[in-house]
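Asker: If it helps, the file is called upload26.pdb and holds PDB, C-alpha atoms and all ligand atoms:
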MODEL        1
ATOM      1  CA  MET O   1      -4.223 -57.213  -7.620  1.00  0.00           C
ATOM      2  CA  HIS O   2      -6.338 -55.942  -4.735  1.00  0.00           C
ATOM      3  CA  ILE O   3      -4.729 -53.074  -2.802  1.00  0.00           C
ATOM      4  CA  PRO O   4      -6.256 -52.826   0.708  1.00  0.00           C
ATOM      5  CA  VAL O   5      -7.266 -49.360   1.910  1.00  0.00           C
ATOM      6  CA  LEU O   6      -7.899 -48.296   5.511  1.00  0.00           C
ATOM      7  CA  THR O   7      -9.485 -44.850   5.884  1.00  0.00           C
ATOM      8  CA  ILE O   8      -9.391 -42.794   9.082  1.00  0.00           C
ATOM      9  CA  ASP O   9     -11.624 -39.708   8.992  1.00  0.00           C
ATOM     10  CA  GLY O  10     -12.523 -37.261  11.717  1.00  0.00           C
ATOM     11  CA  PRO O  11     -12.199 -33.692  12.978  1.00  0.00           C
ATOM     12  CA  SER O  12      -8.871 -31.968  13.634  1.00  0.00           C
ATOM     13  CA  GLY O  13      -7.125 -32.919  16.850  1.00  0.00           C
ATOM     14  CA  ALA O  14      -8.726 -36.359  17.262  1.00  0.00           C
ATOM     15  CA  GLY O  15      -5.319 -38.019  16.891  1.00  0.00           C
ATOM     16  CA  LYS O  16      -5.854 -39.174  13.286  1.00  0.00           C
ATOM     17  CA  GLY O  17      -2.396 -38.102  12.122  1.00  0.00           C
ATOM     18  CA  THR O  18      -0.418 -39.909  14.815  1.00  0.00           C
ATOM     19  CA  VAL O  19      -2.616 -43.012  14.708  1.00  0.00           C
ATOM     20  CA  SER O  20      -2.588 -43.244  10.898  1.00  0.00           C
ATOM     21  CA  ARG O  21       1.160 -42.763  10.625  1.00  0.00           C
ATOM     22  CA  ILE O  22       1.949 -45.441  13.214  1.00  0.00           C
ATOM     23  CA  VAL O  23      -0.636 -47.890  11.846  1.00  0.00           C
ATOM     24  CA  ALA O  24       0.760 -47.413   8.306  1.00  0.00           C
ATOM     25  CA  LYS O  25       4.276 -48.032   9.580  1.00  0.00           C
ATOM     26  CA  LYS O  26       3.261 -51.171  11.498  1.00  0.00           C
ATOM     27  CA  LEU O  27       1.448 -52.571   8.458  1.00  0.00           C
ATOM     28  CA  GLY O  28       4.189 -51.476   6.032  1.00  0.00           C
ATOM     29  CA  TRP O  29       1.553 -49.637   3.977  1.00  0.00           C
ATOM     30  CA  ASN O  30       1.674 -46.236   2.274  1.00  0.00           C
ATOM     31  CA  TYR O  31       0.316 -43.261   4.138  1.00  0.00           C
ATOM     32  CA  LEU O  32      -1.796 -40.396   2.805  1.00  0.00           C
ATOM     33  CA  ASP O  33      -2.099 -37.321   5.024  1.00  0.00           C
ATOM     34  CA  SER O  34      -4.751 -35.633   2.860  1.00  0.00           C
ATOM     35  CA  GLY O  35      -4.874 -32.569   5.132  1.00  0.00           C
ATOM     36  CA  SER O  36      -1.264 -31.875   4.173  1.00  0.00           C
ATOM     37  CA  ILE O  37      -2.339 -31.485   0.536  1.00  0.00           C
ATOM     38  CA  TYR O  38      -4.832 -28.741   1.471  1.00  0.00           C
ATOM     39  CA  ARG O  39      -2.264 -27.273   3.855  1.00  0.00           C
ATOM     40  CA  SER O  40       0.410 -27.239   1.113  1.00  0.00           C
ATOM     41  CA  LEU O  41      -1.995 -25.390  -1.142  1.00  0.00           C
ATOM     42  CA  ALA O  42      -2.583 -22.869   1.670  1.00  0.00           C
ATOM     43  CA  ILE O  43       1.191 -22.294   1.938  1.00  0.00           C
ATOM     44  CA  ALA O  44       1.522 -21.887  -1.825  1.00  0.00           C
ATOM     45  CA  LEU O  45      -1.293 -19.299  -1.740  1.00  0.00           C
ATOM     46  CA  LEU O  46       0.356 -17.381   1.096  1.00  0.00           C
ATOM     47  CA  GLN O  47       3.743 -17.448  -0.629  1.00  0.00           C
ATOM     48  CA  ASN O  48       2.232 -16.152  -3.851  1.00  0.00           C
ATOM     49  CA  GLU O  49       0.069 -13.612  -1.994  1.00  0.00           C
ATOM     50  CA  ILE O  50      -3.078 -14.901  -3.674  1.00  0.00           C
ATOM     51  CA  ASP O  51      -6.366 -13.276  -2.703  1.00  0.00           C
ATOM     52  CA  LEU O  52      -8.602 -16.053  -1.318  1.00  0.00           C
ATOM     53  CA  SER O  53     -11.575 -14.733  -3.294  1.00  0.00           C
ATOM     54  CA  ASN O  54      -9.704 -15.278  -6.572  1.00  0.00           C
ATOM     55  CA  ILE O  55     -10.814 -18.824  -7.445  1.00  0.00           C
ATOM     56  CA  ASN O  56      -9.060 -18.927 -10.830  1.00  0.00           C
ATOM     57  CA  GLU O  57      -5.681 -18.065  -9.291  1.00  0.00           C
ATOM     58  CA  ILE O  58      -6.248 -20.628  -6.513  1.00  0.00           C
ATOM     59  CA  LEU O  59      -7.057 -23.312  -9.088  1.00  0.00           C
ATOM     60  CA  SER O  60      -4.022 -22.588 -11.231  1.00  0.00           C
ATOM     61  CA  ILE O  61      -1.748 -22.791  -8.160  1.00  0.00           C
ATOM     62  CA  ALA O  62      -3.466 -26.056  -7.086  1.00  0.00           C
ATOM     63  CA  GLN O  63      -2.948 -27.553 -10.547  1.00  0.00           C
ATOM     64  CA  ALA O  64       0.678 -26.470 -10.832  1.00  0.00           C
ATOM     65  CA  MET O  65       1.965 -27.348  -7.351  1.00  0.00           C
ATOM     66  CA  GLU O  66       4.362 -30.286  -7.188  1.00  0.00           C
ATOM     67  CA  LEU O  67       4.339 -32.124  -3.876  1.00  0.00           C
ATOM     68  CA  ALA O  68       6.952 -34.626  -2.743  1.00  0.00           C
ATOM     69  CA  TYR O  69       6.671 -36.688   0.446  1.00  0.00           C
ATOM     70  CA  GLU O  70       9.594 -38.247   2.221  1.00  0.00           C
ATOM     71  CA  CYS O  71       8.539 -40.459   5.083  1.00  0.00           C
ATOM     72  CA  ASP O  72      11.289 -41.069   7.573  1.00  0.00           C
ATOM     73  CA  ASP O  73      10.434 -40.959  11.273  1.00  0.00           C
ATOM     74  CA  GLU O  74       8.567 -37.755  10.572  1.00  0.00           C
ATOM     75  CA  LEU O  75       6.814 -36.799   7.378  1.00  0.00           C
ATOM     76  CA  VAL O  76       8.829 -34.305   5.289  1.00  0.00           C
ATOM     77  CA  VAL O  77       6.829 -32.415   2.681  1.00  0.00           C
ATOM     78  CA  LYS O  78       8.346 -30.497  -0.220  1.00  0.00           C
ATOM     79  CA  LEU O  79       6.391 -27.977  -2.258  1.00  0.00           C
ATOM     80  CA  ASP O  80       8.044 -27.338  -5.614  1.00  0.00           C
ATOM     81  CA  GLY O  81      11.314 -28.590  -4.115  1.00  0.00           C
ATOM     82  CA  GLN O  82      11.142 -26.447  -0.974  1.00  0.00           C
ATOM     83  CA  ASP O  83      10.839 -28.099   2.472  1.00  0.00           C
ATOM     84  CA  ILE O  84       7.601 -26.713   3.969  1.00  0.00           C
ATOM     85  CA  THR O  85       7.289 -29.197   6.865  1.00  0.00           C
ATOM     86  CA  ALA O  86       7.741 -26.499   9.532  1.00  0.00           C
ATOM     87  CA  GLU O  87       4.960 -24.268   8.191  1.00  0.00           C
ATOM     88  CA  LEU O  88       2.507 -27.122   7.577  1.00  0.00           C
ATOM     89  CA  GLY O  89       1.304 -27.385  11.163  1.00  0.00           C
ATOM     90  CA  THR O  90       0.584 -23.740  11.955  1.00  0.00           C
ATOM     91  CA  GLU O  91      -2.915 -22.511  12.812  1.00  0.00           C
ATOM     92  CA  THR O  92      -2.846 -19.998   9.927  1.00  0.00           C
ATOM     93  CA  THR O  93      -2.055 -22.783   7.459  1.00  0.00           C
ATOM     94  CA  GLY O  94      -4.856 -24.976   8.898  1.00  0.00           C
ATOM     95  CA  ASN O  95      -7.410 -22.192   8.756  1.00  0.00           C
ATOM     96  CA  ILE O  96      -6.611 -21.225   5.162  1.00  0.00           C
ATOM     97  CA  ALA O  97      -6.599 -24.935   4.209  1.00  0.00           C
ATOM     98  CA  SER O  98     -10.086 -25.290   5.687  1.00  0.00           C
ATOM     99  CA  ILE O  99     -11.336 -22.208   3.784  1.00  0.00           C
ATOM    100  CA  VAL O 100     -10.037 -23.305   0.358  1.00  0.00           C
ATOM    101  CA  ALA O 101     -11.079 -26.927   1.019  1.00  0.00           C
ATOM    102  CA  ALA O 102     -14.704 -25.742   0.915  1.00  0.00           C
ATOM    103  CA  VAL O 103     -14.364 -24.735  -2.762  1.00  0.00           C
ATOM    104  CA  PRO O 104     -15.712 -27.600  -4.947  1.00  0.00           C
ATOM    105  CA  GLU O 105     -13.326 -26.945  -7.877  1.00  0.00           C
ATOM    106  CA  VAL O 106     -10.340 -27.044  -5.517  1.00  0.00           C
ATOM    107  CA  ARG O 107     -11.407 -30.471  -4.255  1.00  0.00           C
ATOM    108  CA  ARG O 108     -11.849 -31.683  -7.834  1.00  0.00           C
ATOM    109  CA  VAL O 109      -8.338 -30.551  -8.804  1.00  0.00           C
ATOM    110  CA  LEU O 110      -6.803 -32.279  -5.767  1.00  0.00           C
ATOM    111  CA  LEU O 111      -8.754 -35.537  -6.198  1.00  0.00           C
ATOM    112  CA  GLN O 112      -6.294 -37.422  -8.393  1.00  0.00           C
ATOM    113  CA  LYS O 113      -3.278 -36.370  -6.307  1.00  0.00           C
ATOM    114  CA  GLN O 114      -4.932 -38.231  -3.398  1.00  0.00           C
ATOM    115  CA  LYS O 115      -6.033 -41.313  -5.363  1.00  0.00           C
ATOM    116  CA  ASP O 116      -2.429 -41.716  -6.616  1.00  0.00           C
ATOM    117  CA  PHE O 117      -1.368 -42.702  -3.091  1.00  0.00           C
ATOM    118  CA  LYS O 118      -3.158 -46.047  -3.473  1.00  0.00           C
ATOM    119  CA  ARG O 119      -0.233 -48.290  -4.300  1.00  0.00           C
ATOM    120  CA  PRO O 120       0.795 -51.806  -3.160  1.00  0.00           C
ATOM    121  CA  PRO O 121       0.999 -53.221  -0.577  1.00  0.00           C
ATOM    122  CA  GLY O 122      -1.785 -51.036   0.926  1.00  0.00           C
ATOM    123  CA  LEU O 123      -2.817 -47.561   2.018  1.00  0.00           C
ATOM    124  CA  VAL O 124      -3.789 -45.825   5.244  1.00  0.00           C
ATOM    125  CA  ALA O 125      -5.602 -42.599   4.278  1.00  0.00           C
ATOM    126  CA  ASP O 126      -6.274 -39.885   6.839  1.00  0.00           C
ATOM    127  CA  GLY O 127      -8.653 -36.951   6.338  1.00  0.00           C
ATOM    128  CA  ARG O 128     -12.268 -35.809   6.326  1.00  0.00           C
ATOM    129  CA  ASP O 129     -13.719 -37.529   3.247  1.00  0.00           C
ATOM    130  CA  MET O 130     -11.426 -40.523   2.716  1.00  0.00           C
ATOM    131  CA  GLY O 131     -14.138 -43.144   3.359  1.00  0.00           C
ATOM    132  CA  THR O 132     -17.019 -41.129   1.913  1.00  0.00           C
ATOM    133  CA  VAL O 133     -15.618 -39.590  -1.299  1.00  0.00           C
ATOM    134  CA  ILE O 134     -12.013 -40.454  -2.165  1.00  0.00           C
ATOM    135  CA  PHE O 135     -11.972 -44.182  -1.317  1.00  0.00           C
ATOM    136  CA  PRO O 136     -15.654 -45.171  -0.908  1.00  0.00           C
ATOM    137  CA  ASP O 137     -14.707 -48.829  -1.578  1.00  0.00           C
ATOM    138  CA  ALA O 138     -12.113 -48.903   1.220  1.00  0.00           C
ATOM    139  CA  ASP O 139     -11.804 -52.254   2.997  1.00  0.00           C
ATOM    140  CA  ILE O 140     -11.835 -50.752   6.499  1.00  0.00           C
ATOM    141  CA  LYS O 141     -13.237 -47.372   7.549  1.00  0.00           C
ATOM    142  CA  VAL O 142     -12.795 -45.626  10.866  1.00  0.00           C
ATOM    143  CA  PHE O 143     -14.341 -42.389  12.100  1.00  0.00           C
ATOM    144  CA  LEU O 144     -12.101 -41.122  14.891  1.00  0.00           C
ATOM    145  CA  THR O 145     -13.253 -38.277  17.077  1.00  0.00           C
ATOM    146  CA  ALA O 146     -12.924 -36.780  20.580  1.00  0.00           C
ATOM    147  CA  SER O 147     -14.716 -34.021  22.449  1.00  0.00           C
ATOM    148  CA  ALA O 148     -13.853 -30.450  21.343  1.00  0.00           C
ATOM    149  CA  ALA O 149     -12.474 -29.746  24.830  1.00  0.00           C
ATOM    150  CA  LYS O 150     -10.160 -32.762  24.713  1.00  0.00           C
ATOM    151  CA  ARG O 151      -8.975 -31.915  21.205  1.00  0.00           C
ATOM    152  CA  ALA O 152      -8.285 -28.317  22.221  1.00  0.00           C
ATOM    153  CA  GLU O 153      -6.319 -29.520  25.247  1.00  0.00           C
ATOM    154  CA  ARG O 154      -4.155 -31.839  23.093  1.00  0.00           C
ATOM    155  CA  ARG O 155      -3.552 -29.138  20.503  1.00  0.00           C
ATOM    156  CA  TYR O 156      -2.682 -26.640  23.234  1.00  0.00           C
ATOM    157  CA  LYS O 157      -0.081 -29.032  24.681  1.00  0.00           C
ATOM    158  CA  GLN O 158       1.438 -29.642  21.230  1.00  0.00           C
ATOM    159  CA  LEU O 159       1.752 -25.910  20.572  1.00  0.00           C
ATOM    160  CA  MET O 160       3.228 -25.206  24.017  1.00  0.00           C
ATOM    161  CA  GLU O 161       5.817 -27.949  23.443  1.00  0.00           C
ATOM    162  CA  LYS O 162       6.768 -26.207  20.210  1.00  0.00           C
ATOM    163  CA  GLY O 163       7.127 -22.948  22.155  1.00  0.00           C
ATOM    164  CA  ILE O 164       4.099 -21.362  20.484  1.00  0.00           C
ATOM    165  CA  ASP O 165       2.229 -19.256  23.042  1.00  0.00           C
ATOM    166  CA  VAL O 166      -1.565 -19.395  22.669  1.00  0.00           C
ATOM    167  CA  SER O 167      -4.504 -19.458  25.041  1.00  0.00           C
ATOM    168  CA  ILE O 168      -6.692 -22.537  25.466  1.00  0.00           C
ATOM    169  CA  GLU O 169      -9.762 -20.332  24.819  1.00  0.00           C
ATOM    170  CA  GLN O 170      -8.352 -19.224  21.460  1.00  0.00           C
ATOM    171  CA  ILE O 171      -7.562 -22.825  20.452  1.00  0.00           C
ATOM    172  CA  THR O 172     -11.038 -24.020  21.509  1.00  0.00           C
ATOM    173  CA  SER O 173     -12.803 -21.336  19.503  1.00  0.00           C
ATOM    174  CA  GLU O 174     -10.596 -21.991  16.436  1.00  0.00           C
ATOM    175  CA  ILE O 175     -11.268 -25.744  16.654  1.00  0.00           C
ATOM    176  CA  GLU O 176     -15.013 -25.119  16.921  1.00  0.00           C
ATOM    177  CA  ALA O 177     -14.952 -22.701  13.962  1.00  0.00           C
ATOM    178  CA  ARG O 178     -12.958 -25.179  11.851  1.00  0.00           C
ATOM    179  CA  ASP O 179     -15.270 -28.102  12.782  1.00  0.00           C
ATOM    180  CA  CYS O 180     -18.242 -26.007  11.806  1.00  0.00           C
ATOM    181  CA  ARG O 181     -16.733 -25.002   8.427  1.00  0.00           C
ATOM    182  CA  ASP O 182     -15.630 -28.595   7.643  1.00  0.00           C
ATOM    183  CA  LYS O 183     -19.048 -30.049   8.574  1.00  0.00           C
ATOM    184  CA  GLU O 184     -21.273 -27.398   7.033  1.00  0.00           C
ATOM    185  CA  ARG O 185     -19.644 -27.114   3.617  1.00  0.00           C
ATOM    186  CA  THR O 186     -21.779 -28.362   0.748  1.00  0.00           C
ATOM    187  CA  ILE O 187     -19.085 -30.495  -0.856  1.00  0.00           C
ATOM    188  CA  ALA O 188     -17.556 -33.562   0.835  1.00  0.00           C
ATOM    189  CA  PRO O 189     -18.355 -32.380   4.358  1.00  0.00           C
ATOM    190  CA  LEU O 190     -16.802 -34.023   7.384  1.00  0.00           C
ATOM    191  CA  ALA O 191     -19.206 -36.887   8.036  1.00  0.00           C
ATOM    192  CA  GLN O 192     -19.051 -40.476   9.180  1.00  0.00           C
ATOM    193  CA  ALA O 193     -19.379 -43.021   6.363  1.00  0.00           C
ATOM    194  CA  GLU O 194     -22.284 -45.411   7.000  1.00  0.00           C
ATOM    195  CA  ASP O 195     -19.921 -48.370   7.066  1.00  0.00           C
ATOM    196  CA  ALA O 196     -17.282 -46.701   9.289  1.00  0.00           C
ATOM    197  CA  LEU O 197     -16.478 -47.825  12.821  1.00  0.00           C
ATOM    198  CA  PHE O 198     -16.917 -44.947  15.289  1.00  0.00           C
ATOM    199  CA  ILE O 199     -14.121 -44.464  17.833  1.00  0.00           C
ATOM    200  CA  ASP O 200     -14.247 -41.730  20.472  1.00  0.00           C
ATOM    201  CA  SER O 201     -10.669 -41.227  21.662  1.00  0.00           C
ATOM    202  CA  SER O 202     -11.542 -38.742  24.467  1.00  0.00           C
ATOM    203  CA  ALA O 203     -10.769 -41.245  27.213  1.00  0.00           C
ATOM    204  CA  MET O 204      -8.296 -43.422  25.296  1.00  0.00           C
ATOM    205  CA  THR O 205      -4.515 -43.307  24.979  1.00  0.00           C
ATOM    206  CA  ILE O 206      -2.949 -43.199  21.520  1.00  0.00           C
ATOM    207  CA  ASP O 207      -1.692 -46.770  22.032  1.00  0.00           C
ATOM    208  CA  GLU O 208      -5.224 -47.966  22.794  1.00  0.00           C
ATOM    209  CA  VAL O 209      -6.559 -46.319  19.643  1.00  0.00           C
ATOM    210  CA  ILE O 210      -3.751 -47.843  17.546  1.00  0.00           C
ATOM    211  CA  ALA O 211      -4.443 -51.319  18.973  1.00  0.00           C
ATOM    212  CA  ARG O 212      -8.170 -50.926  18.258  1.00  0.00           C
ATOM    213  CA  VAL O 213      -7.534 -49.860  14.650  1.00  0.00           C
ATOM    214  CA  LEU O 214      -4.976 -52.643  14.053  1.00  0.00           C
ATOM    215  CA  SER O 215      -7.466 -55.188  15.414  1.00  0.00           C
ATOM    216  CA  LEU O 216      -9.726 -54.331  12.452  1.00  0.00           C
ATOM    217  CA  VAL O 217      -7.107 -55.386   9.884  1.00  0.00           C
ATOM    218  CA  PRO O 218      -7.384 -59.093   9.021  1.00  0.00           C
ATOM    219  CA  GLN O 219      -4.363 -61.235   9.937  1.00  0.00           C
ATOM    220  CA  ARG O 220      -1.692 -60.859   7.325  1.00  0.00           C
TER     221      ARG O 220
HETATM  222  O1  LIG Q   1      -6.379 -32.662   8.927  1.00  0.00           O
HETATM  223  P1  LIG Q   1      -5.849 -31.264   8.828  1.00  0.00           P
HETATM  224  O2  LIG Q   1      -6.100 -30.438  10.073  1.00  0.00           O
HETATM  225  O3  LIG Q   1      -4.411 -31.245   8.418  1.00  0.00           O
HETATM  226  O4  LIG Q   1      -6.669 -30.556   7.622  1.00  0.00           O
HETATM  227  C1  LIG Q   1      -6.570 -29.192   7.358  1.00  0.00           C
HETATM  228  C2  LIG Q   1      -7.844 -28.735   6.648  1.00  0.00           C
HETATM  229  O5  LIG Q   1      -7.912 -29.306   5.346  1.00  0.00           O
HETATM  230  C3  LIG Q   1      -9.137 -29.134   7.331  1.00  0.00           C
HETATM  231  O6  LIG Q   1      -9.590 -28.145   8.242  1.00  0.00           O
HETATM  232  C4  LIG Q   1     -10.110 -29.302   6.192  1.00  0.00           C
HETATM  233  C5  LIG Q   1      -9.244 -29.656   5.023  1.00  0.00           C
HETATM  234  N1  LIG Q   1      -9.303 -31.080   4.689  1.00  0.00           N
HETATM  235  C6  LIG Q   1     -10.350 -31.487   3.910  1.00  0.00           C
HETATM  236  O7  LIG Q   1     -11.218 -30.686   3.583  1.00  0.00           O
HETATM  237  N2  LIG Q   1     -10.436 -32.771   3.480  1.00  0.00           N
HETATM  238  C7  LIG Q   1      -9.502 -33.660   3.856  1.00  0.00           C
HETATM  239  N3  LIG Q   1      -9.603 -34.908   3.428  1.00  0.00           N
HETATM  240  C8  LIG Q   1      -8.443 -33.279   4.701  1.00  0.00           C
HETATM  241  C9  LIG Q   1      -8.375 -31.977   5.112  1.00  0.00           C
ENDMDL
END
In structure tokens, write the structure found in this file.
Answerer:
Amino acid sequence: MHIPVLTIDGPSGAGKGTVSRIVAKKLGWNYLDSGSIYRSLAIALLQNEIDLSNINEILSIAQAMELAYECDDELVVKLDGQDITAELGTETTGNIASIVAAVPEVRRVLLQKQKDFKRPPGLVADGRDMGTVIFPDADIKVFLTASAAKRAERRYKQLMEKGIDVSIEQITSEIEARDCRDKERTIAPLAQAEDALFIDSSAMTIDEVIARVLSLVPQR
């Protein structure tokens, strides 16, 4: 039986998470937030006080970690039984995730965990290398981006709403540093798949992006 896959790749802050989650819900398909896998590893490393230069320790934590996803209105993620949803979205978690995601062996260890999300009736997969590496045969591929300034502004608003006090300059420079690391790494860098549709969400609302993505899915 053919299981349709829709991949949505792009840099952080382009709106991939919100768009993917809503599109998956509307289609009734499974949802893979691949960034959360790298973020969960980052949390496990912090909790175990692992030195980021110690590749063997990082790999053994990556192999051993048990992740459970509960998708209600919001995504709840459990790492070895512990709810880590609150820590998943922090800047520290994102930065460490981006650092360890550049290690080829780490990506290899986390490969199968991501492929396992492909189950009937379909999958929406969100990340950096969903259409290029993890699901190269995906039925529909989207590359969703926005200008760095727009992404920084959105991220800044999100953090302020959560009561986290940061400056827009700090967010912009962190976003630029993360983009650079994700694009420049030698393994599975952030890149548009040749057969992906490019969407720049800088001047679009989330609803417009969702409608555009849904229009790509053949009538069910
Ligand atoms: O999408 P995100 O911000 O939650 O991802 C956090 C980091 O994880 C990102 O900076 C790079 C890494 N990542 C990756 O390398 N490959 C993916 N498919 C998803 C995320």
Asker: Please build the interface table for chain O against ligand LIG 1 (chain Q) with a cut-off of 6 Å, listing for each qualifying residue the nearest atom pair and the distance in Å to one decimal; count all atoms listed in the file, order rows by chain and increasing number, and write it as a Markdown table.
Answerer:
| residue | atom | partner | partner_atom | distance |
| --- | --- | --- | --- | --- |
| O:Ser12 | CA | Q:LIG1 | O2 | 4.8 |
| O:Ser34 | CA | Q:LIG1 | C8 | 4.7 |
| O:Gly35 | CA | Q:LIG1 | C9 | 3.6 |
| O:Ser36 | CA | Q:LIG1 | O3 | 5.3 |
| O:Tyr38 | CA | Q:LIG1 | O5 | 5.0 |
| O:Arg39 | CA | Q:LIG1 | C1 | 5.9 |
| O:Gly94 | CA | Q:LIG1 | C1 | 4.8 |
| O:Ala97 | CA | Q:LIG1 | C2 | 4.7 |
| O:Ser98 | CA | Q:LIG1 | O6 | 3.9 |
| O:Ala101 | CA | Q:LIG1 | O7 | 4.6 |
| O:Gly127 | CA | Q:LIG1 | N3 | 3.7 |
| O:Arg128 | CA | Q:LIG1 | N3 | 4.0 |
| O:Asp129 | CA | Q:LIG1 | N3 | 4.9 |
| O:Met130 | CA | Q:LIG1 | N3 | 5.9 |
| O:Arg178 | CA | Q:LIG1 | O6 | 5.8 |
| O:Asp182 | CA | Q:LIG1 | C4 | 5.8 |
Asker: Grab the CA of Asp116 in chain O to CA of Lys183 in chain O distance for me, in Å with one decimal place.
Answerer: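 Going from CA of Asp116 in chain O over to CA of Lys183 in chain O covers 25.4 Å.
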Asker: Using all atoms listed in the file, which residues sit within 12 Å of Lys115 in chain O once same-chain residues fewer than 5 positions away are excluded, as JSON, numbers by chain?
Answerer: {"O": [5, 30, 31, 32, 33, 34, 108, 109, 110, 123, 124, 125, 130, 133, 134, 135, 136, 138]}
Asker: Using the chain letters and residue numbers of this document, give as an NGL selection string the residues selected by the PyMOL selection byres (((chain O and resi 141) around 9) and not hetatm).
Answerer: :O and (5-9 or 130-131 or 138-140 or 142-143 or 193 or 195-198)
Asker: Using all atoms listed in the file, which of O:Val103, O:Val23, O:Leu111, O:Ala152 sits nearest Glu208 in chain O?
Answerer: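 Between O:Val103, O:Val23, O:Leu111, O:Ala152, the residue approaching Glu208 in chain O most closely is O:Val23.
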Asker: Can you work out the spacing between CA of Ile84 in chain O and CA of Asn54 in chain O in Å, to one decimal?
Answerer: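 Distance between the two atoms: 23.3 Å.
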Asker: By how many Å are CA of Val166 in chain O and CA of Glu74 in chain O apart?
Answerer: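 About the pair CA of Val166 in chain O and CA of Glu74 in chain O: they are 24.2 Å apart.
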Asker: With a distance cut-off of 12 Å and all atoms listed in the file, select the neighbouring residues of Pro104 in chain O, excluding the residue or stretch itself and same-chain residues fewer than 6 positions from it, and output the selection as a ChimeraX atom specification.
Answerer: /O:55,58-59,110-111,185-189
